[in-house]
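**Student:** Input: one structure, supplied below.
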Amino acid sequence: MTPVPDPVHIAIEYTMREDRGRIIAALTARLGDFELAQDCLSDACESALTNWAHDGVPKSRVGWLLQVAHRRAIDRLRRAQNFAAKSAQIAVLERTEAAFFAQGEHEIPDNRLRLMFTCCHPALEEKTRVALTLRTVGGLSTQEVARAFLDKTPAMAQRLARARSKISRAKIPFVIPEGADLAERIRSVLSVVYLIFNEGYGATNAVDRKNEIRIDLCDEAIFLARLMYGYCPENSEVAGLLALILITHSRHNARRTSNGGYIPLSEQDRTLWDHAMIAQGQALLEKTLTKGQVGPYQLQAAIGALHGEATGAQDTDWPQIIALYRLLVRIEGSAVAQLNLAVAVSYGDSAEAALDLLDKIEDWLSQYQPYHAARADILGRLGDNMAAIASYDAALALTHSQSERSFLQMRRATLLVK
């Protein structure tokens with residue numbers, strides 16, 4: 001029988017998942033040291049295991065952990081070799097400690113947005129930005145972050161430790177940038193948030209094999225996107241990303257059968273879509289498109305909105321979707337955008353024209369599973385069963401999701417009996 005976790009472990013794990021970002025952000029803002037804040041929060045959690053078991057779980061878990069972590073930081077600074085250089089900082093922390101904690105848990109300044117910009121600094125590589133944001137702001141465990149990247153936990157722990165150390169050594173400022181720097185960093189933050197959402201929605205390594213959607217990552221991406229939108233609601237691409245995520249996530253209940261089988265968009269039961277979420281995304285999109293500052297996230301959201309408006313696959317406005325994809329290709333130029341254009345063309349124009357588009361990007365997407373799956377489907381519709389089977393085989397060789405593997409195998413099998 002699996003042992004039931006004790007209340008103390010449950011309380012600590014829940015608090016870290018829900019409030020880790022807020023605590024780390026508050027500590028970093030107070031201490032001016034991102035790595036020290038992380039280490040001292042870990043110390044506080046270890047202390048909580050003993051103290052909460054003896055004294056009971058405190059009413060204000062966040063306040064307790066924040067105060068203990070703060071005191072651990074002062075102790076560490078006192079023991080540091082450069083104590084003399086830090087004595088003024090220690091004095092300030094001690095002098096203002098009582099006033100800081102007297103304000104109460106709900107009055108603790110929310111510095112998570114500053115924390116996001118720190119985690120997404122361009123000095124860090126893209127994978128590290130995503131991983132660090134998930135761990136620090138999102139509160140996912142190192143094991144969960146490793147699983148999201150199909151990495152081993154020790155390797156991910158080392159990556160995160162190096163990133164924290166780099167932030168401290170490079171003295172990356174714990175601030176929201178301004179001016180031209182803000183525009184550049186916003187793009188980095190949005191990219192990270194979108195990658196987080198795609199990892200959750202695509203679920204390359206889902207815990208729940210029945211639906212293979214990492215709802216925790218999807219919810220975290222929505223939270224981060226809302227946080228960004230709250231800070232800069234006039235930024236068109238920030239609004240566009242939030243709209244895109246909401247509209248895409250609205251379909252998650254219709255993507256799997258009761259036993260976990262994959263259902264493509266064209267065959268989904270649209271009554272299972274969250275139409276309130278679609279409406280939220282559409283409202284954001286309508287508001288931001290009037291500004292005339294169109295970007296990739298807005299265009300993808302607009303395409304999703306057109307799918308959301310259609311009562312069925314046969315009612316989809318493919319000509320408008322094709323036009324939006326063509327604009328997206330001109331702006332972004334990515335091979336994936338060209339792949340999506342080809343799929344839209346196969347439904348709104350002709351399968352032959354779509355195949356011509358696929359031929360042009362084959363070299364770029366030879367190791368991309370959706371490319372081969374799309375090619376197989378289009379070839380099947382053209383009646384070239386042998387070529388379609390070969391493309392299904394190529395897609396299956398690149399498939400990690402069991403539900404998608406079963407779906408592709410089923411489609412492949414239908415070609416063998418024709």
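Just remember, in the structure tokens the first chain shown is A, the second B, etc., residues are 1-based per chain, and ligands are 1-based in the order shown.
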Write out as CSV the residues of segment 25-90 of chain A that have any atom within 12 Å of an atom of segment 163-176 of chain A, one row each with the nearest atom pair and its distance in Å to one decimal, counting only C-alpha atoms, sorted by chain and then rising number.

**Tutor:**
residue,atom,partner,partner_atom,distance
A:Ala25,CA,A:Phe174,CA,8.9
A:Ala26,CA,A:Phe174,CA,10.8
A:Leu27,CA,A:Phe174,CA,11.0
A:Thr28,CA,A:Phe174,CA,7.5
A:Ala29,CA,A:Phe174,CA,7.1
A:Arg30,CA,A:Phe174,CA,10.4
A:Leu31,CA,A:Phe174,CA,10.4
A:Gly32,CA,A:Phe174,CA,7.4
A:Asp33,CA,A:Ser168,CA,6.4
A:Phe34,CA,A:Ser168,CA,6.2
A:Glu35,CA,A:Arg164,CA,5.4
A:Leu36,CA,A:Ser168,CA,8.6
A:Ala37,CA,A:Arg164,CA,10.0
A:Gln38,CA,A:Arg164,CA,8.3
A:Asp39,CA,A:Arg164,CA,10.0

**Student:** Please return, as a PyMOL selection string, all residues of segment 174-280 of chain A that DSSP assigns to alpha helix (DSSP H) on the basis of the backbone.

**Tutor:** chain A and resi 179-202+215-231+236-249+275-280

**Student:** In Å, with one decimal, what is the gap from atom CA of His400 of chain A to atom CA of Gln369 of chain A?

**Tutor:**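 Atom CA of His400 of chain A sits 9.4 Å away from atom CA of Gln369 of chain A.
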
**Student:** Looking at only C-alpha atoms, which of A:Asn51, A:Ser141, A:Gln367, A:Thr133 is the one that sits closest to Glu13 of chain A?

**Tutor:**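 Ranked by minimum distance to Glu13 of chain A, first place goes to A:Ser141.
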
**Student:** List as JSON, numbers by chain the protein and nucleic acid residues near Ala48 of chain A, meaning an atom at most 10 Å away when only C-alpha atoms are counted, but skip any in the same chain fewer than 6 places from it.

**Tutor:** {"A": [8, 9, 11, 12, 42, 54, 55, 56, 57, 58, 61, 64, 65, 68]}

**Student:** Once you have the residues from the selection above, write them out as a short mmCIF file (atom, residue, chain, number, x, y, z; two decimals), in the first residue's frame, restricted to N, CA and C atoms.

**Tutor:**
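Result file result-v2.cif:
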data_model
loop_
_atom_site.label_atom_id
_atom_site.label_comp_id
_atom_site.auth_asym_id
_atom_site.auth_seq_id
_atom_site.Cartn_x
_atom_site.Cartn_y
_atom_site.Cartn_z
N VAL A 8 2.34 17.77 7.10
CA VAL A 8 3.42 18.74 6.98
C VAL A 8 4.00 18.72 5.57
N HIS A 9 4.28 17.53 5.04
CA HIS A 9 4.79 17.44 3.67
C HIS A 9 3.78 18.01 2.67
N ALA A 11 1.53 20.30 3.21
CA ALA A 11 1.47 21.76 3.36
C ALA A 11 2.66 22.43 2.70
N ILE A 12 3.86 21.86 2.88
CA ILE A 12 5.06 22.45 2.29
C ILE A 12 5.02 22.34 0.76
N SER A 42 15.26 27.11 0.59
CA SER A 42 15.46 25.67 0.80
C SER A 42 15.74 25.39 2.27
N HIS A 54 6.33 19.65 14.95
CA HIS A 54 6.28 19.81 16.41
C HIS A 54 5.23 20.81 16.85
N ASP A 55 5.17 21.95 16.15
CA ASP A 55 4.29 23.05 16.59
C ASP A 55 2.99 23.14 15.80
N GLY A 56 2.88 22.35 14.73
CA GLY A 56 1.70 22.45 13.88
C GLY A 56 1.95 23.38 12.70
N VAL A 57 1.21 23.20 11.62
CA VAL A 57 1.35 24.04 10.44
C VAL A 57 0.83 25.43 10.76
N PRO A 58 1.64 26.47 10.56
CA PRO A 58 1.21 27.83 10.91
C PRO A 58 0.08 28.33 10.02
N ARG A 61 1.59 30.19 6.23
CA ARG A 61 2.75 29.39 5.81
C ARG A 61 3.75 30.24 5.03
N TRP A 64 5.65 32.54 7.40
CA TRP A 64 6.62 31.79 8.22
C TRP A 64 7.86 31.47 7.42
N LEU A 65 7.67 30.93 6.21
CA LEU A 65 8.81 30.56 5.38
C LEU A 65 9.62 31.78 4.97
N VAL A 68 11.68 32.98 8.11
CA VAL A 68 12.79 32.08 8.43
C VAL A 68 13.87 32.17 7.36
#

**Student:** Report as a list of chain:residue names all protein, DNA and RNA residues lying within 12 Å of Met277 of chain A, evaluated on only C-alpha atoms, omitting residues in the same chain fewer than 4 positions from it.

**Tutor:**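 Using only C-alpha atoms, the neighbours found are A:Ile222, A:Leu242, A:Ala243, A:Leu244, A:Ile245, A:Leu246, A:Ile247, A:Thr248, A:His249, A:Ser250, A:Arg251, A:His252, A:Leu272, A:Trp273, A:Gly281, A:Gln282, A:Ala283, A:Leu284, A:Ala305, A:Gly308.
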